[in-house]
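Everything below concerns the one structure shown next.
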Amino acid sequence: MAAARMVSVSTFAGTHVRPPCHVSAARRGPRRAGLAVSSAAGGSPPTVLVTGAGGRTGQIVYKKLKERAGQFVSRGLVRTEESKGKIGGADDVFVGDIRDPASIARAIEGIDALIILTSAVPKMKPGFDPTKGGRPEFYFEEGSYPEQVDWIGQKNQIDAANSIGVKQVVLVGSMGGTDINHPLNMLGNGNILVWKRKAEQYLADSGLPYTIIRAGGLQDKDGGVRELIVGKDDEILKTETKTIARADVAQVCIQALLFDEARFKAFDLASKPEGEGAPTTNFSALFSQVNSRF
């Protein structure tokens with residue numbers, strides 16, 4: 001998935017990070033680097049591919065990149081022509097199957113960065129009646145189990161990115177991966193967090209510059225109005241602030257491309273309730289709170 005490789009030197013001193021960190025206003029000037037450099041220096045804006053661009057979070061990331069047309073050249077990958085139509089049907093949206101490396105080759109060719117937002121999606125079995133109590137049952141469609149999508153599909157993307165030396169990969173995962181018995185693993189017997197975690201480890205071991213964002217419970221709310229919280233090893237799940245707006249996740253994905261402080265790091269991400277704390281605006285400070293490489 002794209003472009004010439006840029007060597008980045010990181011000296012992250014260990015794997016410990018403070019418990020959930022609350023970051024808001026800036027105390028010092030942000031240190032921009034990475035993909036911002038070529039554009040700022042008068043070169044062509046970097047091309048960024050968003051996979052899973054037809055999903056609810058992927059659509060937001062793709063749209064935000066297009067709004068920054070002077071800073072990025074946006075590109076999307078979706079699974080169907082229907083999904084392409086839903087996000088405008090532009091020529092910069094490619095249709096492909098991440099389980100088939102050949103089908104995504106055109107989308108990846110010439111990119112500088114990759115934002116991975118693909119994920120298996122469980123479906124509710126028909127016949128559930130909430131008035132009768134009990135819990136709904138879920139399943140994954142044939143060929144779309146987490147092993148195939150969240151592991152093989154993401155591995156294919158990482159391999160393609162590595163083959164052309166992209167400058168950064170941002171991978172959005174989910175909190176809960178430290179607990180094999182997490183309820184999300186039970187959905188459709190898919191072990192979705194297990195396979196997501198395996199793909200995250202594969203990326204961390206790939207040698208590519210990366211940012212792994214393990215988001216909390218995703219909400220369809222406005223972004224930019226809450227204080228964001230970062231942590232590691234599912235510490236945040238032990239608190240009352242376990243959720244985050246999809247729009248805030250999208251913003252963090254894009255900001256991760258702009259700051260060296262986000263490179264070679266993995267972290268959990270959630271937010272305080274709206275009205276508690278100050279909305280996060282200093283993303284350099286946010287990323288600086290994280291020292292964990294995985």
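Identifiers for the structure tokens are assigned positionally: chains receive A, B, ... in sequence, residues are indexed from 1 per chain, and ligands are indexed from 1 in the order shown.
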
Residues of region 25-261 of chain A classed as strand (DSSP E or B) by DSSP on the backbone are to be reported as a compact mmCIF listing (two decimals) with all heavy atoms, in the first residue's frame.
# COMPACT_ATOMS: atom_id res chain seq x y z
N ARG A 32 5.56 18.76 15.01
CA ARG A 32 5.02 18.07 13.85
C ARG A 32 6.15 17.46 13.04
O ARG A 32 7.24 17.98 12.98
CB ARG A 32 4.22 19.01 12.96
CG ARG A 32 2.92 19.47 13.59
CD ARG A 32 2.17 20.38 12.64
NE ARG A 32 0.93 20.82 13.24
CZ ARG A 32 -0.22 20.18 13.14
NH1 ARG A 32 -0.27 19.05 12.48
NH2 ARG A 32 -1.31 20.65 13.69
N THR A 47 -0.33 10.68 0.04
CA THR A 47 -1.56 9.95 -0.26
C THR A 47 -1.84 8.97 0.87
O THR A 47 -0.99 8.17 1.25
CB THR A 47 -1.42 9.19 -1.59
OG1 THR A 47 -1.21 10.12 -2.64
CG2 THR A 47 -2.68 8.38 -1.88
N VAL A 48 -3.05 9.04 1.40
CA VAL A 48 -3.45 8.21 2.53
C VAL A 48 -4.64 7.35 2.13
O VAL A 48 -5.67 7.87 1.68
CB VAL A 48 -3.82 9.07 3.75
CG1 VAL A 48 -4.18 8.19 4.95
CG2 VAL A 48 -2.69 10.02 4.12
N LEU A 49 -4.49 6.04 2.29
CA LEU A 49 -5.57 5.11 1.99
C LEU A 49 -6.29 4.72 3.28
O LEU A 49 -5.66 4.30 4.25
CB LEU A 49 -5.03 3.85 1.32
CG LEU A 49 -6.03 2.70 1.11
CD1 LEU A 49 -7.13 3.11 0.13
CD2 LEU A 49 -5.32 1.43 0.63
N VAL A 50 -7.62 4.85 3.27
CA VAL A 50 -8.45 4.41 4.38
C VAL A 50 -9.16 3.14 3.94
O VAL A 50 -9.97 3.16 2.99
CB VAL A 50 -9.51 5.46 4.76
CG1 VAL A 50 -10.36 4.98 5.94
CG2 VAL A 50 -8.86 6.79 5.07
N THR A 51 -8.86 2.01 4.57
CA THR A 51 -9.58 0.78 4.26
C THR A 51 -10.74 0.65 5.24
O THR A 51 -10.67 1.11 6.37
CB THR A 51 -8.66 -0.44 4.35
OG1 THR A 51 -8.17 -0.60 5.68
CG2 THR A 51 -7.49 -0.30 3.39
N VAL A 73 -3.76 13.67 0.15
CA VAL A 73 -4.54 13.14 -0.96
C VAL A 73 -5.26 11.91 -0.42
O VAL A 73 -4.62 10.94 -0.01
CB VAL A 73 -3.64 12.76 -2.16
CG1 VAL A 73 -4.47 12.09 -3.25
CG2 VAL A 73 -2.91 13.98 -2.68
N SER A 74 -6.57 11.97 -0.37
CA SER A 74 -7.33 10.89 0.25
C SER A 74 -7.64 9.78 -0.75
O SER A 74 -7.78 10.01 -1.95
CB SER A 74 -8.64 11.43 0.83
OG SER A 74 -9.44 12.00 -0.19
N ARG A 75 -7.76 8.58 -0.22
CA ARG A 75 -8.12 7.42 -1.02
C ARG A 75 -8.89 6.47 -0.11
O ARG A 75 -8.57 6.35 1.08
CB ARG A 75 -6.87 6.75 -1.57
CG ARG A 75 -7.12 5.76 -2.68
CD ARG A 75 -5.82 5.14 -3.18
NE ARG A 75 -5.00 6.05 -3.96
CZ ARG A 75 -3.87 5.70 -4.56
NH1 ARG A 75 -3.43 4.44 -4.47
NH2 ARG A 75 -3.18 6.56 -5.26
N GLY A 76 -9.90 5.80 -0.63
CA GLY A 76 -10.68 4.87 0.17
C GLY A 76 -10.74 3.49 -0.46
O GLY A 76 -10.62 3.35 -1.68
N LEU A 77 -10.91 2.48 0.38
CA LEU A 77 -11.14 1.11 -0.09
C LEU A 77 -12.39 0.59 0.57
O LEU A 77 -12.54 0.64 1.79
CB LEU A 77 -9.95 0.20 0.26
CG LEU A 77 -10.13 -1.27 -0.13
CD1 LEU A 77 -10.08 -1.45 -1.64
CD2 LEU A 77 -9.06 -2.14 0.54
N VAL A 78 -13.33 0.10 -0.25
CA VAL A 78 -14.57 -0.48 0.25
C VAL A 78 -14.75 -1.87 -0.37
O VAL A 78 -14.04 -2.24 -1.30
CB VAL A 78 -15.78 0.41 -0.10
CG1 VAL A 78 -15.67 1.78 0.57
CG2 VAL A 78 -15.91 0.59 -1.62
N VAL A 93 -12.08 6.19 -4.65
CA VAL A 93 -12.58 5.07 -3.84
C VAL A 93 -12.48 3.79 -4.67
O VAL A 93 -13.05 3.70 -5.76
CB VAL A 93 -14.02 5.30 -3.36
CG1 VAL A 93 -14.51 4.09 -2.56
CG2 VAL A 93 -14.11 6.56 -2.51
N PHE A 94 -11.77 2.81 -4.15
CA PHE A 94 -11.55 1.54 -4.84
C PHE A 94 -12.39 0.45 -4.20
O PHE A 94 -12.66 0.48 -3.00
CB PHE A 94 -10.07 1.15 -4.76
CG PHE A 94 -9.15 2.10 -5.49
CD1 PHE A 94 -8.80 3.33 -4.92
CD2 PHE A 94 -8.63 1.77 -6.73
CE1 PHE A 94 -7.96 4.19 -5.58
CE2 PHE A 94 -7.77 2.63 -7.40
CZ PHE A 94 -7.44 3.85 -6.82
N VAL A 95 -12.79 -0.51 -5.00
CA VAL A 95 -13.54 -1.66 -4.51
C VAL A 95 -12.61 -2.87 -4.51
O VAL A 95 -11.98 -3.18 -5.53
CB VAL A 95 -14.78 -1.94 -5.39
CG1 VAL A 95 -15.52 -3.18 -4.90
CG2 VAL A 95 -15.71 -0.72 -5.40
N ALA A 113 0.62 6.40 3.29
CA ALA A 113 0.18 5.95 4.61
C ALA A 113 -1.11 5.16 4.47
O ALA A 113 -1.86 5.31 3.50
CB ALA A 113 -0.03 7.14 5.55
N LEU A 114 -1.33 4.30 5.45
CA LEU A 114 -2.49 3.41 5.45
C LEU A 114 -3.20 3.51 6.79
O LEU A 114 -2.56 3.43 7.85
CB LEU A 114 -2.01 1.97 5.22
CG LEU A 114 -3.03 0.84 5.40
CD1 LEU A 114 -4.13 0.94 4.34
CD2 LEU A 114 -2.33 -0.51 5.33
N ILE A 115 -4.50 3.73 6.74
CA ILE A 115 -5.32 3.71 7.96
C ILE A 115 -6.27 2.53 7.84
O ILE A 115 -7.13 2.51 6.96
CB ILE A 115 -6.11 5.02 8.14
CG1 ILE A 115 -5.15 6.22 8.24
CG2 ILE A 115 -6.98 4.94 9.40
CD1 ILE A 115 -5.87 7.56 8.35
N ILE A 116 -6.09 1.54 8.71
CA ILE A 116 -6.87 0.30 8.63
C ILE A 116 -8.08 0.39 9.56
O ILE A 116 -7.93 0.47 10.79
CB ILE A 116 -6.01 -0.91 9.01
CG1 ILE A 116 -4.83 -1.05 8.04
CG2 ILE A 116 -6.85 -2.19 8.99
CD1 ILE A 116 -3.87 -2.18 8.41
N LYS A 123 -23.66 -10.41 12.96
CA LYS A 123 -25.06 -10.13 12.65
C LYS A 123 -25.97 -10.87 13.62
O LYS A 123 -25.64 -11.97 14.06
CB LYS A 123 -25.37 -10.53 11.21
CG LYS A 123 -24.57 -9.74 10.19
CD LYS A 123 -25.14 -9.88 8.80
CE LYS A 123 -24.43 -8.94 7.83
NZ LYS A 123 -25.02 -8.98 6.48
N MET A 124 -27.09 -10.25 13.93
CA MET A 124 -28.02 -10.86 14.86
C MET A 124 -28.86 -11.93 14.16
O MET A 124 -29.36 -11.71 13.06
CB MET A 124 -28.95 -9.80 15.47
CG MET A 124 -29.85 -10.33 16.57
SD MET A 124 -31.06 -9.09 17.15
CE MET A 124 -29.96 -7.81 17.76
N PHE A 138 -25.77 -14.10 17.87
CA PHE A 138 -25.10 -13.48 16.73
C PHE A 138 -24.35 -14.52 15.92
O PHE A 138 -24.04 -15.61 16.40
CB PHE A 138 -24.13 -12.40 17.21
CG PHE A 138 -24.80 -11.19 17.81
CD1 PHE A 138 -25.14 -11.18 19.17
CD2 PHE A 138 -25.09 -10.09 17.04
CE1 PHE A 138 -25.77 -10.09 19.73
CE2 PHE A 138 -25.72 -8.98 17.59
CZ PHE A 138 -26.05 -8.98 18.95
N TYR A 139 -24.07 -14.16 14.67
CA TYR A 139 -23.31 -15.04 13.79
C TYR A 139 -22.49 -14.19 12.83
O TYR A 139 -22.75 -12.98 12.67
CB TYR A 139 -24.24 -15.96 13.01
CG TYR A 139 -25.05 -15.26 11.93
CD1 TYR A 139 -24.66 -15.29 10.59
CD2 TYR A 139 -26.22 -14.54 12.25
CE1 TYR A 139 -25.40 -14.64 9.62
CE2 TYR A 139 -26.95 -13.89 11.29
CZ TYR A 139 -26.54 -13.94 9.97
OH TYR A 139 -27.27 -13.28 9.00
N GLN A 168 3.77 5.15 7.25
CA GLN A 168 3.09 4.89 8.52
C GLN A 168 1.81 4.09 8.28
O GLN A 168 1.13 4.27 7.28
CB GLN A 168 2.75 6.18 9.25
CG GLN A 168 2.24 5.93 10.68
CD GLN A 168 2.20 7.19 11.51
OE1 GLN A 168 2.50 8.27 11.02
NE2 GLN A 168 1.83 7.06 12.76
N VAL A 169 1.51 3.21 9.25
CA VAL A 169 0.24 2.49 9.27
C VAL A 169 -0.46 2.80 10.58
O VAL A 169 0.13 2.67 11.66
CB VAL A 169 0.45 0.96 9.16
CG1 VAL A 169 -0.89 0.23 9.26
CG2 VAL A 169 1.15 0.60 7.86
N VAL A 170 -1.70 3.24 10.49
CA VAL A 170 -2.55 3.45 11.66
C VAL A 170 -3.59 2.34 11.66
O VAL A 170 -4.33 2.18 10.68
CB VAL A 170 -3.23 4.83 11.64
CG1 VAL A 170 -4.17 4.99 12.84
CG2 VAL A 170 -2.19 5.95 11.61
N LEU A 171 -3.64 1.57 12.73
CA LEU A 171 -4.57 0.45 12.83
C LEU A 171 -5.53 0.70 13.99
O LEU A 171 -5.10 0.92 15.12
CB LEU A 171 -3.79 -0.85 13.06
CG LEU A 171 -4.59 -2.12 13.39
CD1 LEU A 171 -5.55 -2.45 12.27
CD2 LEU A 171 -3.66 -3.28 13.67
N VAL A 172 -6.82 0.68 13.70
CA VAL A 172 -7.82 0.87 14.75
C VAL A 172 -8.35 -0.49 15.19
O VAL A 172 -8.91 -1.25 14.40
CB VAL A 172 -8.98 1.75 14.26
CG1 VAL A 172 -10.04 1.90 15.36
CG2 VAL A 172 -8.46 3.13 13.85
N GLY A 173 -8.13 -0.78 16.46
CA GLY A 173 -8.62 -2.02 17.05
C GLY A 173 -9.65 -1.72 18.13
O GLY A 173 -10.39 -0.74 18.05
N SER A 174 -9.65 -2.55 19.15
CA SER A 174 -10.66 -2.41 20.20
C SER A 174 -10.05 -2.74 21.55
O SER A 174 -9.19 -3.62 21.67
CB SER A 174 -11.84 -3.36 19.92
OG SER A 174 -12.76 -3.34 20.99
N TYR A 210 4.20 2.64 12.99
CA TYR A 210 2.79 2.31 13.23
C TYR A 210 2.22 3.09 14.41
O TYR A 210 2.96 3.56 15.28
CB TYR A 210 2.63 0.81 13.50
CG TYR A 210 3.29 0.36 14.79
CD1 TYR A 210 2.62 0.43 16.01
CD2 TYR A 210 4.60 -0.10 14.79
CE1 TYR A 210 3.24 0.04 17.19
CE2 TYR A 210 5.23 -0.49 15.97
CZ TYR A 210 4.55 -0.41 17.16
OH TYR A 210 5.16 -0.78 18.33
N THR A 211 0.91 3.18 14.41
CA THR A 211 0.15 3.64 15.57
C THR A 211 -1.04 2.70 15.70
O THR A 211 -1.82 2.54 14.76
CB THR A 211 -0.37 5.08 15.40
OG1 THR A 211 0.73 5.95 15.08
CG2 THR A 211 -1.05 5.57 16.67
N ILE A 212 -1.16 2.05 16.85
CA ILE A 212 -2.28 1.13 17.10
C ILE A 212 -3.21 1.80 18.10
O ILE A 212 -2.82 2.12 19.23
CB ILE A 212 -1.78 -0.22 17.64
CG1 ILE A 212 -0.90 -0.92 16.60
CG2 ILE A 212 -2.96 -1.11 18.03
CD1 ILE A 212 -0.15 -2.13 17.13
N ILE A 213 -4.45 2.02 17.68
CA ILE A 213 -5.45 2.70 18.51
C ILE A 213 -6.50 1.68 18.91
O ILE A 213 -7.25 1.18 18.06
CB ILE A 213 -6.11 3.86 17.74
CG1 ILE A 213 -5.06 4.88 17.29
CG2 ILE A 213 -7.18 4.53 18.60
CD1 ILE A 213 -5.58 5.89 16.28
N ARG A 214 -6.58 1.36 20.19
CA ARG A 214 -7.58 0.41 20.68
C ARG A 214 -8.72 1.23 21.29
O ARG A 214 -8.65 1.69 22.43
CB ARG A 214 -6.97 -0.53 21.70
CG ARG A 214 -5.83 -1.38 21.09
CD ARG A 214 -5.17 -2.27 22.12
NE ARG A 214 -4.11 -3.05 21.50
CZ ARG A 214 -2.84 -3.06 21.93
NH1 ARG A 214 -2.49 -2.36 23.00
NH2 ARG A 214 -1.93 -3.80 21.31
N ALA A 215 -9.75 1.40 20.48
CA ALA A 215 -10.84 2.30 20.87
C ALA A 215 -11.79 1.64 21.85
O ALA A 215 -11.98 0.42 21.85
CB ALA A 215 -11.61 2.73 19.62
N GLY A 217 -15.86 1.75 23.53
CA GLY A 217 -17.16 1.61 22.90
C GLY A 217 -17.47 2.79 21.99
O GLY A 217 -17.44 3.95 22.43
N LEU A 218 -17.75 2.53 20.73
CA LEU A 218 -17.91 3.59 19.74
C LEU A 218 -19.32 4.16 19.78
O LEU A 218 -20.31 3.44 19.80
CB LEU A 218 -17.60 3.04 18.35
CG LEU A 218 -16.15 2.59 18.15
CD1 LEU A 218 -16.00 1.86 16.81
CD2 LEU A 218 -15.19 3.76 18.22
N GLN A 219 -19.38 5.49 19.76
CA GLN A 219 -20.66 6.19 19.81
C GLN A 219 -20.80 7.11 18.60
O GLN A 219 -19.84 7.72 18.15
CB GLN A 219 -20.77 7.00 21.10
CG GLN A 219 -20.73 6.15 22.37
CD GLN A 219 -20.87 6.97 23.62
OE1 GLN A 219 -20.28 8.04 23.75
NE2 GLN A 219 -21.66 6.48 24.55
N LEU A 228 -10.03 13.64 25.82
CA LEU A 228 -9.67 12.27 25.47
C LEU A 228 -8.75 11.66 26.54
O LEU A 228 -7.99 12.36 27.20
CB LEU A 228 -8.98 12.24 24.11
CG LEU A 228 -9.78 12.82 22.94
CD1 LEU A 228 -9.03 12.63 21.63
CD2 LEU A 228 -11.17 12.22 22.87
N ILE A 229 -8.86 10.34 26.67
CA ILE A 229 -8.11 9.60 27.68
C ILE A 229 -7.34 8.49 26.98
O ILE A 229 -7.91 7.76 26.16
CB ILE A 229 -9.06 8.95 28.71
CG1 ILE A 229 -9.95 10.02 29.37
CG2 ILE A 229 -8.29 8.18 29.77
CD1 ILE A 229 -11.12 9.42 30.13
N VAL A 230 -6.07 8.35 27.29
CA VAL A 230 -5.28 7.24 26.76
C VAL A 230 -4.79 6.37 27.91
O VAL A 230 -4.62 6.83 29.03
CB VAL A 230 -4.08 7.74 25.92
CG1 VAL A 230 -4.56 8.44 24.66
CG2 VAL A 230 -3.17 8.65 26.73
N GLY A 231 -4.60 5.10 27.61
CA GLY A 231 -4.12 4.15 28.60
C GLY A 231 -3.58 2.92 27.91
O GLY A 231 -3.40 2.91 26.69
N THR A 243 -16.06 4.82 26.72
CA THR A 243 -16.60 5.04 25.38
C THR A 243 -15.92 6.22 24.71
O THR A 243 -15.22 7.01 25.35
CB THR A 243 -18.12 5.31 25.43
OG1 THR A 243 -18.36 6.48 26.25
CG2 THR A 243 -18.86 4.12 26.05
N ILE A 244 -16.15 6.33 23.40
CA ILE A 244 -15.59 7.44 22.63
C ILE A 244 -16.40 7.63 21.36
O ILE A 244 -16.91 6.66 20.77
CB ILE A 244 -14.10 7.19 22.30
CG1 ILE A 244 -13.49 8.42 21.61
CG2 ILE A 244 -13.94 5.93 21.44
CD1 ILE A 244 -11.98 8.40 21.56
N ALA A 245 -16.54 8.87 20.94
CA ALA A 245 -17.24 9.17 19.69
C ALA A 245 -16.41 8.71 18.49
O ALA A 245 -15.19 8.85 18.48
CB ALA A 245 -17.52 10.67 19.58
N PHE A 259 2.35 13.64 13.88
CA PHE A 259 3.25 13.85 15.00
C PHE A 259 4.15 12.63 15.23
O PHE A 259 3.68 11.50 15.29
CB PHE A 259 2.47 14.13 16.28
CG PHE A 259 1.71 15.43 16.26
CD1 PHE A 259 0.36 15.45 15.95
CD2 PHE A 259 2.35 16.63 16.51
CE1 PHE A 259 -0.34 16.64 15.91
CE2 PHE A 259 1.66 17.83 16.47
CZ PHE A 259 0.31 17.84 16.18

(request) Go ahead and compute the interatomic distance for CA of Phe264 (chain A) and CA of Phe287 (chain A), in Å to one decimal. (result)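 Taking CA of Phe264 (chain A) as the start and CA of Phe287 (chain A) as the end point, the length is 10.7 Å.
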
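Residue neighbourhood of Asn185 (chain A), excluding near-sequence residues (fewer than 5 positions): Pro146, Gly176, Gly177, Asp179, Ile180, Gly190, Asn191, Ile192, Leu193, Val194 and Trp195 of chain A, at 10 Å, using only C-alpha atoms.
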
(message) Taking 5 positions as the minimum chain separation for residues in the same chain, which residues sit within 10 Å of Pro136 (chain A) when counting only C-alpha atoms? Answer as a ChimeraX atom specification.
(response) /A:123-130,187

(message) Restricting the calculation to only C-alpha atoms: of A:Ile236, A:Lys86, A:Leu286, A:Ile111, which residue gets closest to Ala161 (chain A)?
(response)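 Checking each candidate against Ala161 (chain A), we get A:Ile111 as the closest.
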
(message) Please list as a PyMOL selection string every residue within 9 Å of Tyr145 (chain A), counting only C-alpha atoms and excluding residues in the same chain fewer than 3 positions away.
(response) chain A and resi 120-122+139-142+148-150+188+190+192

(request) Would you mind listing what lies within 10 Å of Leu208 (chain A) as JSON, numbers by chain, with only C-alpha atoms counted and same-chain residues fewer than 2 positions away left out? (result) {"A": [5, 6, 7, 8, 158, 159, 161, 162, 165, 166, 167, 168, 169, 203, 204, 205, 206, 210, 211, 263, 264]}

Dump of N, CA and C atoms for the selected residues, as a tab-separated table (two decimals), in the first residue's frame:
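For reference, result.tsv as written:
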chain	number	residue	atom	x	y	z
A	5	ARG	N	9.74	4.68	1.63
A	5	ARG	CA	9.84	4.52	3.07
A	5	ARG	C	10.64	5.65	3.68
A	6	MET	N	10.17	6.15	4.82
A	6	MET	CA	10.89	7.18	5.53
A	6	MET	C	11.39	6.58	6.83
A	7	VAL	N	12.67	6.72	7.10
A	7	VAL	CA	13.23	6.17	8.32
A	7	VAL	C	12.93	7.11	9.47
A	8	SER	N	12.36	6.58	10.54
A	8	SER	CA	12.06	7.39	11.71
A	8	SER	C	12.77	6.81	12.91
A	158	ILE	N	-1.08	-5.25	5.79
A	158	ILE	CA	0.22	-4.92	6.38
A	158	ILE	C	1.34	-5.41	5.46
A	159	ASP	N	1.19	-6.61	4.92
A	159	ASP	CA	2.20	-7.14	4.01
A	159	ASP	C	2.34	-6.26	2.77
A	161	ALA	N	1.58	-3.10	2.51
A	161	ALA	CA	2.19	-1.84	2.93
A	161	ALA	C	3.69	-1.99	3.10
A	162	ASN	N	4.09	-3.10	3.68
A	162	ASN	CA	5.51	-3.34	3.91
A	162	ASN	C	6.27	-3.54	2.60
A	165	GLY	N	6.97	-0.12	1.39
A	165	GLY	CA	7.61	0.80	2.33
A	165	GLY	C	6.81	2.03	2.64
A	166	VAL	N	5.56	1.86	3.07
A	166	VAL	CA	4.77	3.03	3.45
A	166	VAL	C	5.42	3.71	4.65
A	167	LYS	N	5.09	4.97	4.83
A	167	LYS	CA	5.70	5.77	5.90
A	167	LYS	C	5.02	5.57	7.25
A	168	GLN	N	3.77	5.15	7.25
A	168	GLN	CA	3.09	4.89	8.52
A	168	GLN	C	1.81	4.09	8.28
A	169	VAL	N	1.51	3.21	9.25
A	169	VAL	CA	0.24	2.49	9.27
A	169	VAL	C	-0.46	2.80	10.58
A	203	LEU	N	1.61	-6.22	13.08
A	203	LEU	CA	2.01	-4.89	12.65
A	203	LEU	C	3.17	-4.38	13.48
A	204	ALA	N	3.10	-4.56	14.79
A	204	ALA	CA	4.17	-4.08	15.68
A	204	ALA	C	5.50	-4.76	15.37
A	205	ASP	N	5.44	-5.99	14.88
A	205	ASP	CA	6.65	-6.74	14.55
A	205	ASP	C	7.12	-6.53	13.11
A	206	SER	N	6.36	-5.77	12.33
A	206	SER	CA	6.61	-5.68	10.89
A	206	SER	C	7.79	-4.80	10.52
A	210	TYR	N	4.20	2.64	12.99
A	210	TYR	CA	2.79	2.31	13.23
A	210	TYR	C	2.22	3.09	14.41
A	211	THR	N	0.91	3.18	14.41
A	211	THR	CA	0.15	3.64	15.57
A	211	THR	C	-1.04	2.70	15.70
A	263	ARG	N	4.28	7.72	16.75
A	263	ARG	CA	4.87	6.60	16.00
A	263	ARG	C	5.40	5.51	16.93
A	264	PHE	N	5.26	4.28	16.46
A	264	PHE	CA	5.70	3.09	17.19
A	264	PHE	C	5.06	3.03	18.58

(message) If I take CA of Ile104 (chain A) and CA of Asp91 (chain A), how far is one from the other in Å, to one decimal?
(response)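 Taking CA of Ile104 (chain A) and CA of Asp91 (chain A), their separation equals 14.7 Å.
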
(message) To test your reading of the structure, identify every residue in region 77-275 of chain A that backbone DSSP assigns to alpha helix (DSSP H), and report it as an MDAnalysis selection string.
(response) chainID A and resid 81:86 105:108 146 154:164 183:186 192:204 246:255

(message) If I take CA of Phe283 (chain A) and CA of Ser271 (chain A), how far is one from the other in Å, to one decimal?
(response)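 Atom-to-atom, CA of Phe283 (chain A) and CA of Ser271 (chain A) are spaced 13.6 Å apart.
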